[in-house]
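Student: File follows, start.txt with compact mmCIF, C-alpha atoms:
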# COMPACT_ATOMS: atom_id res chain seq x y z
CA MET A 234 170.86 213.36 52.05
CA ILE A 235 168.56 210.37 51.93
CA THR A 236 168.17 208.61 48.64
CA PHE A 237 165.59 206.25 47.30
CA VAL A 238 166.89 203.72 44.85
CA THR A 239 164.06 202.50 42.73
CA ASP A 240 165.61 199.87 40.56
CA LYS A 241 162.66 197.55 41.12
CA ASP A 242 160.39 199.99 39.50
CA LYS A 243 162.11 199.65 36.19
CA ASN A 244 160.25 196.41 35.70
CA ASN A 245 157.02 198.29 35.88
CA SER A 246 157.16 199.73 32.43
CA PRO A 247 154.20 201.79 31.35
CA LEU A 248 151.69 200.21 29.04
CA GLU A 249 151.82 202.54 26.09
CA ASP A 250 148.52 204.17 25.21
CA GLU A 251 146.49 201.26 26.39
CA SER A 252 143.96 203.32 28.19
CA PRO A 253 145.18 206.84 27.99
CA ASP A 254 142.37 208.42 29.96
CA ILE A 255 142.75 206.29 33.05
CA GLY A 256 145.04 207.73 35.64
CA LEU A 257 147.37 205.04 36.80
CA SER A 258 147.11 201.69 38.39
CA GLN A 259 147.50 201.27 42.08
CA LYS A 260 150.27 198.79 41.78
CA GLY A 261 152.40 200.98 39.62
CA GLN A 262 152.43 198.78 36.58
CA SER A 263 150.82 201.06 34.20
CA VAL A 264 149.11 203.90 32.65
CA GLU A 265 149.19 207.54 33.35
CA LYS A 266 147.70 210.65 32.12
CA ILE A 267 149.68 213.74 31.51
CA ILE A 268 147.85 216.93 31.07
CA GLU A 269 150.09 218.01 28.29
CA LYS A 270 148.50 221.36 27.75
CA ALA A 271 148.87 222.23 31.36
CA GLU A 272 152.45 221.12 31.23
CA ALA A 273 153.20 223.25 28.22
CA GLU A 274 151.63 226.26 29.85
CA ASN A 275 153.39 225.64 33.07
CA GLU A 276 156.73 225.14 31.46
CA ALA A 277 157.22 228.82 30.96
CA GLN A 278 155.99 229.48 34.45
CA SER A 279 158.10 226.88 36.10
CA ASN A 280 161.15 228.24 34.37
CA ASN A 281 160.49 231.60 35.93
CA VAL A 282 159.97 230.01 39.27
CA ASN A 283 163.12 228.04 38.95
CA ALA A 284 165.09 231.14 38.13
CA ASP A 285 164.18 232.46 41.54
CA ASN A 286 164.43 229.19 43.29
CA THR A 287 167.08 227.18 41.51
CA GLU A 288 167.72 225.01 44.49
CA ASN A 289 164.28 223.52 44.33
CA SER A 290 164.41 221.96 40.92
CA LYS A 291 167.22 221.74 38.48
CA ASP A 292 166.51 223.73 35.34
CA SER A 293 164.17 221.02 34.39
CA VAL A 294 163.30 221.62 30.79
CA SER A 295 166.73 221.71 29.19
CA GLN A 296 168.30 219.18 31.47
CA SER A 297 165.47 216.73 31.65
CA VAL A 298 166.00 215.52 28.11
CA THR A 299 169.56 214.45 28.73
CA GLU A 300 168.64 213.24 32.17
CA GLU A 301 165.99 210.98 30.79
CA LYS A 302 168.48 209.41 28.46
CA ILE A 303 170.85 208.74 31.28
CA SER A 304 168.11 207.44 33.49
CA SER A 305 167.06 204.95 30.86
CA LEU A 306 170.59 203.56 30.97
CA ILE A 307 171.27 203.64 34.64
CA GLU A 308 169.01 203.16 37.61
CA LYS A 309 167.27 206.33 38.38
CA GLU A 310 167.68 207.78 41.78
CA PHE A 311 165.56 210.55 43.04
CA SER A 312 166.42 212.54 46.01
CA ILE A 313 164.66 214.02 48.94
CA LYS A 314 165.78 217.56 49.21
CA GLU A 315 165.97 219.51 52.36
CA HIS A 316 162.86 221.51 53.00
CA ALA A 317 161.20 223.36 55.77
CA THR A 318 158.58 220.90 56.99
CA LYS A 319 155.22 221.42 58.54
CA PHE A 320 153.69 218.76 60.76
CA HIS A 321 149.96 218.49 61.20
CA LYS A 322 148.35 216.15 63.68
CA GLY A 323 144.74 215.16 63.09
CA ASN A 324 142.46 214.27 60.22
CA LEU A 325 141.77 216.65 57.38
CA ARG A 326 138.08 216.50 56.68
CA SER A 327 136.04 217.39 53.62
CA GLY A 328 136.40 221.07 52.76
CA MET A 329 139.68 221.54 54.62
CA PHE A 330 142.66 222.83 52.73
CA MET A 331 146.29 222.91 53.78
CA GLU A 332 149.09 224.55 51.85
CA TYR A 333 152.72 224.93 52.80
CA ASP A 334 155.89 226.27 51.23
CA GLY A 335 158.02 223.22 51.99
CA SER A 336 157.14 219.66 52.86
CA LEU A 337 154.04 218.53 54.69
CA VAL A 338 153.65 215.66 57.12
CA ILE A 339 150.08 214.77 58.08
CA LEU A 340 149.64 212.51 61.07
CA GLY A 341 146.13 211.40 60.22
CA ASP A 342 143.84 210.83 57.26
CA VAL A 343 143.14 213.15 54.37
CA ASN A 344 139.47 212.51 53.69
CA PRO A 345 137.62 212.83 50.38
CA GLY A 346 136.97 216.49 49.66
CA ALA A 347 140.08 217.68 51.50
CA GLU A 348 143.17 218.98 49.73
CA VAL A 349 146.83 219.18 50.69
CA LYS A 350 149.37 221.16 48.70
CA ALA A 351 153.10 221.59 49.25
CA THR A 352 156.04 222.90 47.25
CA GLY A 353 158.01 219.91 48.53
CA ASN A 354 157.04 216.38 49.46
CA ILE A 355 153.88 215.18 51.13
CA LEU A 356 153.89 212.38 53.70
CA ILE A 357 150.61 211.15 55.02
CA LEU A 358 150.78 208.79 57.96
CA GLY A 359 147.23 207.68 57.39
CA ALA A 360 144.98 207.31 54.38
CA LEU A 361 145.03 209.71 51.46
CA LYS A 362 141.51 209.78 50.05
CA GLY A 363 141.35 213.40 48.95
CA ILE A 364 143.64 215.40 46.69
CA ALA A 365 147.38 215.83 47.17
CA HIS A 366 149.62 218.13 45.17
CA ALA A 367 153.34 217.77 45.84
CA GLY A 368 155.89 220.05 44.22
CA CYS A 369 153.12 222.50 43.49
CA LYS A 370 155.51 225.07 42.06
CA GLY A 371 156.48 222.71 39.30
CA SER A 372 159.06 220.49 40.98
CA THR A 373 158.68 216.93 39.70
CA ASP A 374 161.31 215.69 42.18
CA ALA A 375 158.66 215.69 44.84
CA PHE A 376 156.87 212.57 45.97
CA VAL A 377 153.71 211.69 47.84
CA PHE A 378 153.75 208.97 50.45
CA ALA A 379 150.75 207.55 52.28
CA LEU A 380 150.06 204.50 54.41
CA ASN A 381 146.98 203.99 52.29
CA LEU A 382 147.30 205.76 48.97
CA ILE A 383 143.83 205.95 47.42
CA PRO A 384 143.45 209.59 46.38
CA VAL A 385 140.75 211.04 44.20
CA GLN A 386 143.44 212.79 42.27
CA LEU A 387 147.18 213.08 42.58
CA ARG A 388 149.33 215.91 41.32
CA ILE A 389 153.09 216.13 41.31
CA GLY A 390 154.65 219.20 39.77
CA ASN A 391 152.49 219.98 36.77
CA ILE A 392 151.40 216.42 36.15
CA ILE A 393 147.90 215.44 37.07
CA THR A 394 146.62 211.91 37.38
CA ARG A 395 143.56 210.25 38.73
CA PHE A 396 143.12 206.79 40.11
CA PRO A 397 141.02 204.27 38.22
CA ASP A 398 137.38 204.14 39.16
CA GLY A 399 136.32 201.16 41.16
CA ASP A 400 136.87 199.63 44.52
CA SER A 401 139.32 201.69 46.48
CA LYS A 402 139.42 199.43 49.49
CA VAL A 403 141.79 196.84 48.10
CA ASN A 404 145.01 198.62 48.83
CA ARG A 405 146.25 198.53 52.41
CA LYS A 406 150.00 198.84 52.03
CA PRO A 407 152.16 201.93 52.29
CA GLU A 408 152.94 203.33 48.87
CA TYR A 409 154.57 206.34 47.35
CA ALA A 410 153.99 208.14 44.11
CA TYR A 411 156.76 209.78 42.11
CA VAL A 412 157.44 211.11 38.66
CA GLU A 413 159.52 209.36 36.09
CA ASP A 414 159.70 210.22 32.41
CA GLY A 415 156.95 212.74 32.89
CA LYS A 416 154.55 210.18 34.29
CA ILE A 417 153.34 209.48 37.79
CA TYR A 418 154.13 206.01 39.11
CA VAL A 419 153.03 204.36 42.31
CA SER A 420 155.23 201.81 44.03
CA PRO A 421 154.92 199.89 47.26
CA PHE A 422 157.15 201.21 50.00
CA GLU A 423 159.28 198.42 51.34
CA MET B 406 122.41 222.61 84.68
CA GLY B 407 120.92 221.89 81.27
CA GLU B 408 122.76 220.55 78.29
CA VAL B 409 122.28 221.97 74.81
CA ILE B 410 122.45 219.29 72.11
CA VAL B 411 122.40 220.23 68.44
CA ILE B 412 121.22 217.65 65.88
CA THR B 413 122.96 218.33 62.58
CA SER B 414 123.95 216.60 59.34
CA GLY B 415 124.93 218.91 56.50
CA LYS B 416 122.89 217.06 53.94
CA GLY B 417 119.13 217.44 53.96
CA GLY B 418 116.66 214.62 54.25
CA VAL B 419 118.73 212.29 56.42
CA GLY B 420 116.40 212.53 59.40
CA LYS B 421 117.50 215.44 61.60
CA THR B 422 113.97 216.55 62.40
CA THR B 423 112.73 212.99 62.96
CA THR B 424 115.71 212.33 65.23
CA SER B 425 115.12 215.56 67.17
CA ALA B 426 111.47 214.73 67.71
CA ASN B 427 112.17 211.15 68.77
CA LEU B 428 115.01 212.01 71.13
CA GLY B 429 112.99 214.85 72.63
CA CYS B 430 110.05 212.53 73.31
CA GLY B 431 112.37 209.77 74.52
CA LEU B 432 114.03 212.04 77.06
CA ALA B 433 110.66 213.38 78.19
CA ILE B 434 109.38 209.81 78.69
CA SER B 435 112.43 209.23 80.89
CA GLY B 436 111.17 212.04 83.10
CA LYS B 437 113.46 214.84 81.93
CA LYS B 438 112.40 218.38 81.19
CA VAL B 439 113.16 218.91 77.52
CA ALA B 440 112.97 221.88 75.15
CA LEU B 441 112.94 221.19 71.43
CA VAL B 442 114.14 224.20 69.45
CA ASP B 443 113.47 224.37 65.72
CA ALA B 444 116.32 226.42 64.25
CA ASP B 445 115.20 225.88 60.67
CA ILE B 446 113.72 229.36 60.25
CA GLY B 447 111.67 229.67 57.08
CA LEU B 448 111.33 225.91 56.62
CA ARG B 449 109.94 224.85 59.93
CA ASN B 450 108.56 221.37 60.30
CA LEU B 451 109.45 220.10 63.76
CA ASP B 452 106.06 221.36 64.93
CA VAL B 453 104.35 219.30 62.23
CA VAL B 454 106.27 216.15 63.15
CA MET B 455 105.34 216.73 66.79
CA GLY B 456 101.69 217.36 65.89
CA LEU B 457 101.74 220.80 67.54
CA GLU B 458 101.37 223.02 64.48
CA ASN B 459 97.96 224.37 65.42
CA ARG B 460 99.17 225.66 68.78
CA ILE B 461 101.81 228.09 67.53
CA VAL B 462 101.23 231.70 68.50
CA TYR B 463 104.74 233.07 68.98
CA ASP B 464 107.99 231.71 67.58
CA LEU B 465 111.76 231.80 68.02
CA VAL B 466 112.19 235.06 66.08
CA ASP B 467 109.55 236.77 68.22
CA VAL B 468 111.46 235.73 71.34
CA VAL B 469 114.79 236.90 69.96
CA GLU B 470 113.32 240.23 68.88
CA GLY B 471 111.70 240.71 72.26
CA LYS B 472 108.14 240.64 70.94
CA CYS B 473 107.16 238.07 73.56
CA ARG B 474 108.56 236.34 76.59
CA LEU B 475 110.28 232.99 76.20
CA LYS B 476 107.59 231.25 78.26
CA GLN B 477 104.87 232.52 75.94
CA ALA B 478 106.51 231.01 72.87
CA LEU B 479 107.23 227.60 74.42
CA ILE B 480 104.49 225.16 73.43
CA LYS B 481 103.72 222.46 75.94
CA ASP B 482 103.47 219.01 74.37
CA LYS B 483 100.06 217.39 74.41
CA ARG B 484 101.36 213.98 75.54
CA TYR B 485 104.35 214.41 77.84
CA ALA B 486 104.51 216.78 80.75
CA GLY B 487 108.16 217.75 80.57
CA LEU B 488 108.30 218.37 76.81
CA TYR B 489 108.22 221.82 75.24
CA LEU B 490 108.67 223.07 71.69
CA LEU B 491 110.06 226.41 70.59
CA PRO B 492 108.94 226.66 66.94
CA ALA B 493 110.74 228.47 64.16
CA ALA B 494 109.24 231.36 62.23
CA GLN B 495 107.95 230.39 58.84
CA THR B 496 107.69 233.83 57.29
CA ARG B 497 111.27 234.94 57.99
CA ASP B 498 114.65 233.62 56.90
CA LYS B 499 117.90 232.52 58.55
CA ASP B 500 119.29 236.06 58.72
CA ALA B 501 116.57 237.09 61.17
CA VAL B 502 118.69 235.62 63.99
CA SER B 503 122.39 235.99 64.82
CA PRO B 504 124.64 233.43 66.54
CA GLU B 505 124.94 235.75 69.55
CA GLN B 506 121.16 235.89 69.90
CA MET B 507 120.97 232.08 69.72
CA GLN B 508 123.62 231.82 72.40
CA LYS B 509 121.61 234.11 74.66
CA LEU B 510 118.46 232.12 73.91
CA CYS B 511 120.18 228.91 74.98
CA GLU B 512 121.32 230.57 78.20
CA ASN B 513 117.76 231.69 78.88
CA LEU B 514 116.43 228.18 78.24
CA LYS B 515 118.95 226.77 80.69
CA GLU B 516 117.67 229.24 83.28
CA GLU B 517 114.17 227.83 82.74
CA GLU B 518 115.55 224.64 84.31
CA PHE B 519 115.40 222.44 81.24
CA ASP B 520 117.52 219.30 81.56
CA TYR B 521 118.02 219.00 77.82
CA ILE B 522 117.67 221.55 75.07
CA ILE B 523 117.62 219.88 71.66
CA ILE B 524 118.23 222.09 68.63
CA ASP B 525 117.07 220.89 65.23
CA CYS B 526 119.66 222.30 62.83
CA PRO B 527 118.78 223.19 59.23
CA ALA B 528 120.59 221.53 56.32
CA GLY B 529 123.58 223.34 54.87
CA ILE B 530 126.59 225.10 56.36
CA GLU B 531 125.45 228.70 56.10
CA GLN B 532 123.87 231.15 58.53
CA GLY B 533 121.25 228.70 59.80
CA PHE B 534 123.92 226.15 60.72
CA LYS B 535 126.06 228.79 62.42
CA ASN B 536 123.05 229.96 64.44
CA ALA B 537 122.08 226.44 65.45
CA ILE B 538 125.49 225.44 66.77
CA ALA B 539 126.27 228.79 68.46
CA GLY B 540 124.83 227.88 71.84
CA ALA B 541 125.39 224.13 71.74
CA ASP B 542 127.37 222.14 74.31
CA ARG B 543 127.29 218.93 72.34
CA ALA B 544 126.56 217.82 68.79
CA LEU B 545 124.93 214.73 67.34
CA VAL B 546 125.65 214.19 63.66
CA VAL B 547 123.01 212.27 61.71
CA THR B 548 123.96 210.52 58.51
CA THR B 549 122.63 207.79 56.25
CA PRO B 550 124.83 205.08 54.72
CA GLU B 551 125.21 206.93 51.42
CA VAL B 552 128.43 208.45 50.14
CA SER B 553 126.85 211.88 49.70
CA ALA B 554 125.51 212.02 53.25
CA VAL B 555 128.78 210.70 54.70
CA ARG B 556 130.76 213.29 52.75
CA ASP B 557 128.59 216.09 54.09
CA ALA B 558 128.79 214.68 57.60
CA ASP B 559 132.57 214.75 57.33
CA ARG B 560 132.45 218.42 56.35
CA ILE B 561 130.10 219.17 59.23
CA ILE B 562 132.34 217.40 61.77
CA GLY B 563 135.24 219.52 60.56
CA LEU B 564 133.19 222.70 60.97
CA LEU B 565 131.98 221.59 64.42
CA GLU B 566 135.56 220.98 65.51
CA ALA B 567 136.53 224.41 64.19
CA ASN B 568 133.77 225.84 66.38
CA GLU B 569 135.03 224.08 69.50
CA LEU B 570 132.34 221.38 69.44
CA THR B 571 134.78 218.52 69.63
CA ASN B 572 133.75 214.90 70.04
CA PRO B 573 130.44 214.93 68.23
CA SER B 574 128.56 211.61 68.27
CA LEU B 575 127.23 209.86 65.21
CA ILE B 576 123.76 208.51 64.51
CA LEU B 577 123.61 206.24 61.49
CA ASN B 578 120.09 206.46 60.22
CA ARG B 579 118.06 204.41 57.77
CA VAL B 580 120.25 201.34 57.73
CA ARG B 581 118.90 198.34 55.84
CA PRO B 582 120.54 195.27 57.39
CA ASP B 583 119.60 193.03 54.47
CA MET B 584 121.38 195.34 52.02
CA VAL B 585 124.41 195.62 54.29
CA ASP B 586 124.59 191.82 54.47
CA ARG B 587 124.54 191.64 50.69
CA GLY B 588 127.29 194.25 50.51
CA ASP B 589 125.05 196.70 48.67
CA MET B 590 125.06 199.29 51.43
CA MET B 591 127.81 200.90 53.49
CA SER B 592 128.11 199.20 56.86
CA LEU B 593 128.65 200.88 60.20
CA ASP B 594 132.36 200.05 59.92
CA ASP B 595 132.61 201.66 56.48
CA VAL B 596 131.08 204.87 57.80
CA THR B 597 133.08 205.06 61.01
CA GLU B 598 136.27 204.40 59.06
CA ILE B 599 135.77 207.66 57.18
CA LEU B 600 134.28 209.78 59.93
CA ALA B 601 136.30 208.43 62.88
CA ILE B 602 133.94 209.63 65.61
CA ASP B 603 132.03 207.89 68.39
CA ILE B 604 128.81 206.21 67.38
CA ILE B 605 125.83 206.73 69.64
CA GLY B 606 123.22 204.81 67.69
CA VAL B 607 122.18 202.93 64.58
CA VAL B 608 118.60 203.34 63.42
CA PRO B 609 117.17 200.84 60.95
CA ASP B 610 115.05 201.88 58.00
CA ASP B 611 111.51 201.41 59.26
CA GLU B 612 108.08 202.02 57.80
CA SER B 613 106.76 202.96 61.21
CA ILE B 614 108.85 206.18 61.05
CA VAL B 615 106.87 207.38 58.03
CA VAL B 616 103.57 206.29 59.54
CA GLN B 617 104.27 207.91 62.90
CA THR B 618 105.75 211.09 61.40
CA ASN B 619 102.64 211.61 59.30
CA LYS B 620 100.49 211.04 62.37
CA GLY B 621 102.46 213.61 64.32
CA GLU B 622 103.47 211.05 66.94
CA PRO B 623 107.17 210.15 67.06
CA ALA B 624 108.03 206.44 66.62
CA VAL B 625 109.83 206.33 69.95
CA THR B 626 106.41 206.01 71.58
CA VAL B 627 105.56 202.85 69.63
CA GLU B 628 106.51 199.77 71.61
CA ASN B 629 107.09 197.29 68.78
CA SER B 630 108.80 199.66 66.32
CA LYS B 631 112.43 198.76 65.59
CA ALA B 632 113.37 202.35 64.85
CA GLY B 633 111.53 203.38 68.01
CA GLN B 634 113.61 200.90 70.00
CA ALA B 635 116.79 202.30 68.42
CA TYR B 636 115.78 205.82 69.46
CA ARG B 637 114.96 204.61 72.98
CA ASN B 638 118.47 203.14 73.16
CA ILE B 639 120.02 206.42 71.97
CA THR B 640 118.01 208.24 74.63
CA GLN B 641 119.46 205.97 77.30
CA ARG B 642 122.99 206.58 75.98
CA ILE B 643 122.43 210.35 76.12
CA LEU B 644 121.39 209.88 79.75
CA GLY B 645 124.72 208.16 80.32
CA ASN B 646 123.49 204.57 80.48
CA ASP B 647 125.41 201.84 78.73
CA VAL B 648 123.03 200.06 76.36
CA PRO B 649 124.19 197.32 73.98
CA PHE B 650 123.69 197.96 70.27
CA MET B 651 120.70 196.34 68.61
CA GLU B 652 121.00 193.24 66.50
CA PHE B 653 119.26 193.59 63.19
CA LYS B 654 119.07 189.94 62.23
CA GLN B 655 115.97 189.37 60.19
CA GLU B 656 113.52 187.03 61.75
CA GLU B 657 112.98 183.98 59.66
CA THR B 658 109.42 183.82 58.52
CA PHE B 659 107.65 180.63 57.65
CA MET B 660 107.75 181.55 53.97
CA ASN B 661 111.49 182.15 54.03
CA LYS B 662 112.08 178.79 55.70
CA LEU B 663 109.95 177.17 53.05
CA LYS B 664 111.90 178.92 50.30
CA LYS B 665 115.19 177.77 51.76
CA LEU B 666 113.99 174.21 51.91
CA PHE B 667 112.87 174.48 48.34
CA HIS B 668 116.27 175.82 47.20
CA LYS B 669 118.13 173.02 48.94
CA GLY B 670 115.93 170.45 47.26
Show how you would write the structure in this file as structure tokens.

Tutor:
Amino acid sequence: MITFVTDKDKNNSPLEDESPDIGLSQKGQSVEKIIEKAEAENEAQSNNVNADNTENSKDSVSQSVTEEKISSLIEKEFSIKEHATKFHKGNLRSGMFMEYDGSLVILGDVNPGAEVKATGNILILGALKGIAHAGCKGSTDAFVFALNLIPVQLRIGNIITRFPDGDSKVNRKPEYAYVEDGKIYVSPFE
Amino acid sequence: MGEVIVITSGKGGVGKTTTSANLGCGLAISGKKVALVDADIGLRNLDVVMGLENRIVYDLVDVVEGKCRLKQALIKDKRYAGLYLLPAAQTRDKDAVSPEQMQKLCENLKEEEFDYIIIDCPAGIEQGFKNAIAGADRALVVTTPEVSAVRDADRIIGLLEANELTNPSLILNRVRPDMVDRGDMMSLDDVTEILAIDIIGVVPDDESIVVQTNKGEPAVTVENSKAGQAYRNITQRILGNDVPFMEFKQEETFMNKLKKLFHKG
């Protein structure tokens, strides 16, 4: 099992309620938007899903409370689980949609208007400019990685976020997005 | 053997018809036998741009339905010997023709010994688009440096690739070099970064296009038109010649020089 240790990210504490309707910053310092309604609705659903597929995400609702407490004390680690993985070579253009029960690796760009969806993780060895939804069955363990992470919208599990409006050409470094404390964070991949 | 080239874009109003007319004329000037096919059934206007509207007797739908022979429907251009136009029907709609029928039509045109068959594709991704690309060997995608047009072009390239028309070439139309310099308009690099396909030409925004289109004489025929020069270059690239891309540096007028001097002072 491969593990990411993200102790650095602890410094990037969220700015509470500063601008609640902006998605999150590109450098992972701040703000996030949780669609709380959607989460509440999905909670019941994701529990059902988890009953069938317990391996995928640990009975999140009951455990997550205690887990969060622990994670605030110790460095949080999140794991990459074993998944079936689909590889796709080539760009995904506007209007194209790719879904997979497992993890997805795209060797190319995901252009604006395109959408990728996976029950596991999503790795894009190119630019993500469209929409990505990792852990689409409710697993917030999943992460999204891209060489150039500038999506229109990013979804992990049942959390939806959008990137701030403005110039999207600044960022040129590989980054990954993950969920912590029910919020989506973006960190540089080093 | 002839080559069927479809001119497409997705978004409307980016200059598909103007491009078709100019490239058709350009190729004809170079001595090729060219057929221009208007696939925009119900909204035909290639004939108007070519100034051949008053000569239409039969149209594409008549040919497909067997009401006339192909040769009867082909209108010979009034200026260039090797240039012919197959007009679209105005009173019918896109469903009057099927992709199979278009494919057969393209085969028949090739048998007429045309060197190039240029199909003017309608806007959109529905039946008309499917018809237009059915018989094509090669696609040219026209876009303008606007996010909406580039987005649609991206969609179109995806659909072309799904229909085995790989390696389409891009024409970036209506570029305003002064705005690009100021950073107010997407540059060629910005567009190619998203679309990632070969570029075959950049056409500057030019008043002469409007003037010539309204006259029914494509700008490619005008010697001192910048857009006309850009289309002549694209024509040469279609013919397989390597032509350097145009420089769009604005010529410094006397007034501009004076202004600069004034600002320095």

Student: Within 6 Å of chain B, which residues of chain A show up? Give each one with its shortest atom-to-atom distance in Å (one decimal) and the two atoms involved, counting all atoms listed in the file, rows by chain then rising residue number, as a tab-separated table.

Tutor:
residue	atom	partner	partner_atom	distance
A:Arg326	CA	B:Gly563	CA	5.7
A:Ser327	CA	B:Arg560	CA	4.6
A:Gly328	CA	B:Arg560	CA	6.0

Student: Could you please determine the separation between CA of Glu598 (chain B) and CA of Lys362 (chain A) in Å, to one decimal place?

Tutor: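 A separation of 11.7 Å between them.
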
Student: Between A:Tyr333, A:Tyr418, A:Phe396, A:Phe320, single out the one closest to Val377 (chain A), counting only C-alpha atoms.

Tutor: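 Selected residue with least distance to Val377 (chain A): A:Tyr418.
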
Student: Measuring atom to atom with all atoms listed in the file, identify which of B:Met651, B:Ala440, B:Ala493, B:Cys430 is nearest to Gly606 (chain B).

Tutor: B:Met651

Student: Between B:Lys535, B:Lys437, B:Arg587, B:Lys515, which is the closest to Leu488 (chain B) once you count all atoms listed in the file?

Tutor: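 For Leu488 (chain B), the nearest of the candidates is B:Lys437.
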
Student: How many Å separate CA of Pro384 (chain A) from CA of Lys350 (chain A)?

Tutor: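 According to the coordinates, CA of Pro384 (chain A) and CA of Lys350 (chain A) are separated by 13.2 Å.
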
Student: Under the rule that all atoms listed in the file are counted, which of B:Asp520, B:Ala433, B:Ser613, B:Asn450 is the nearest residue to Lys481 (chain B)?

Tutor: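 Under the stated criterion, the closest residue is B:Ala433.
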
Student: Please compute the CA of Tyr489 (chain B)-CA of Val419 (chain B) distance, one decimal, in Å.

Tutor: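 That distance, rounded to one decimal, is 23.6 Å.
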
Student: Which one is closest to Tyr411 (chain A): A:Asn324, A:Thr373, A:Thr318, A:Gln386? Count only C-alpha atoms.

Tutor: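 The closest residue to Tyr411 (chain A) is A:Thr373.
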
Student: Please identify all polymer residues lying at most 10 Å from the point (153.7, 214.8, 58.4) (file coordinates), using all atoms listed in the file, and present the result as an MDAnalysis selection string.

Tutor: chainID A and resid 318:322 336:341 354:359 378:379

Student: Return the single residue from B:Leu475, B:Leu432, B:Leu545, B:Leu490 that is closest to Gly456 (chain B), with distances computed using only C-alpha atoms.

Tutor: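 Of all the options, B:Leu490 lies closest to Gly456 (chain B).
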
Student: Would you be able to write out as a count of residues only which residues have an atom within 7 Å of (125.7, 212.6, 63.0) in the file's coordinates, counting all atoms listed in the file?

Tutor: 11

Student: Dump region 585-596 of chain B with N, CA and C atoms to a file, as a compact mmCIF listing (two decimals), in the first residue's frame.

Tutor:
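The new file out_2.txt reads:
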# COMPACT_ATOMS: atom_id res chain seq x y z
N VAL B 585 -4.65 41.17 -29.79
CA VAL B 585 -3.81 40.09 -29.26
C VAL B 585 -2.59 40.67 -28.55
N ASP B 586 -1.99 41.69 -29.19
CA ASP B 586 -0.82 42.34 -28.60
C ASP B 586 -1.13 42.94 -27.23
N ARG B 587 -2.34 43.49 -27.12
CA ARG B 587 -2.73 44.09 -25.84
C ARG B 587 -3.14 43.04 -24.82
N GLY B 588 -3.27 41.80 -25.26
CA GLY B 588 -3.69 40.73 -24.35
C GLY B 588 -5.19 40.68 -24.16
N ASP B 589 -5.93 41.35 -25.04
CA ASP B 589 -7.39 41.37 -24.93
C ASP B 589 -8.05 40.27 -25.73
N MET B 590 -7.26 39.57 -26.53
CA MET B 590 -7.84 38.53 -27.39
C MET B 590 -6.97 37.28 -27.30
N MET B 591 -7.61 36.12 -27.40
CA MET B 591 -6.85 34.87 -27.36
C MET B 591 -5.85 34.84 -28.52
N SER B 592 -4.64 34.43 -28.24
CA SER B 592 -3.65 34.34 -29.31
C SER B 592 -3.71 32.95 -29.94
N LEU B 593 -2.95 32.80 -31.02
CA LEU B 593 -2.89 31.50 -31.69
C LEU B 593 -2.44 30.41 -30.71
N ASP B 594 -1.48 30.76 -29.85
CA ASP B 594 -0.97 29.79 -28.87
C ASP B 594 -2.05 29.37 -27.89
N ASP B 595 -2.84 30.35 -27.43
CA ASP B 595 -3.92 30.05 -26.49
C ASP B 595 -4.90 29.05 -27.09
N VAL B 596 -5.21 29.26 -28.37
CA VAL B 596 -6.20 28.41 -29.03
C VAL B 596 -5.63 27.01 -29.28
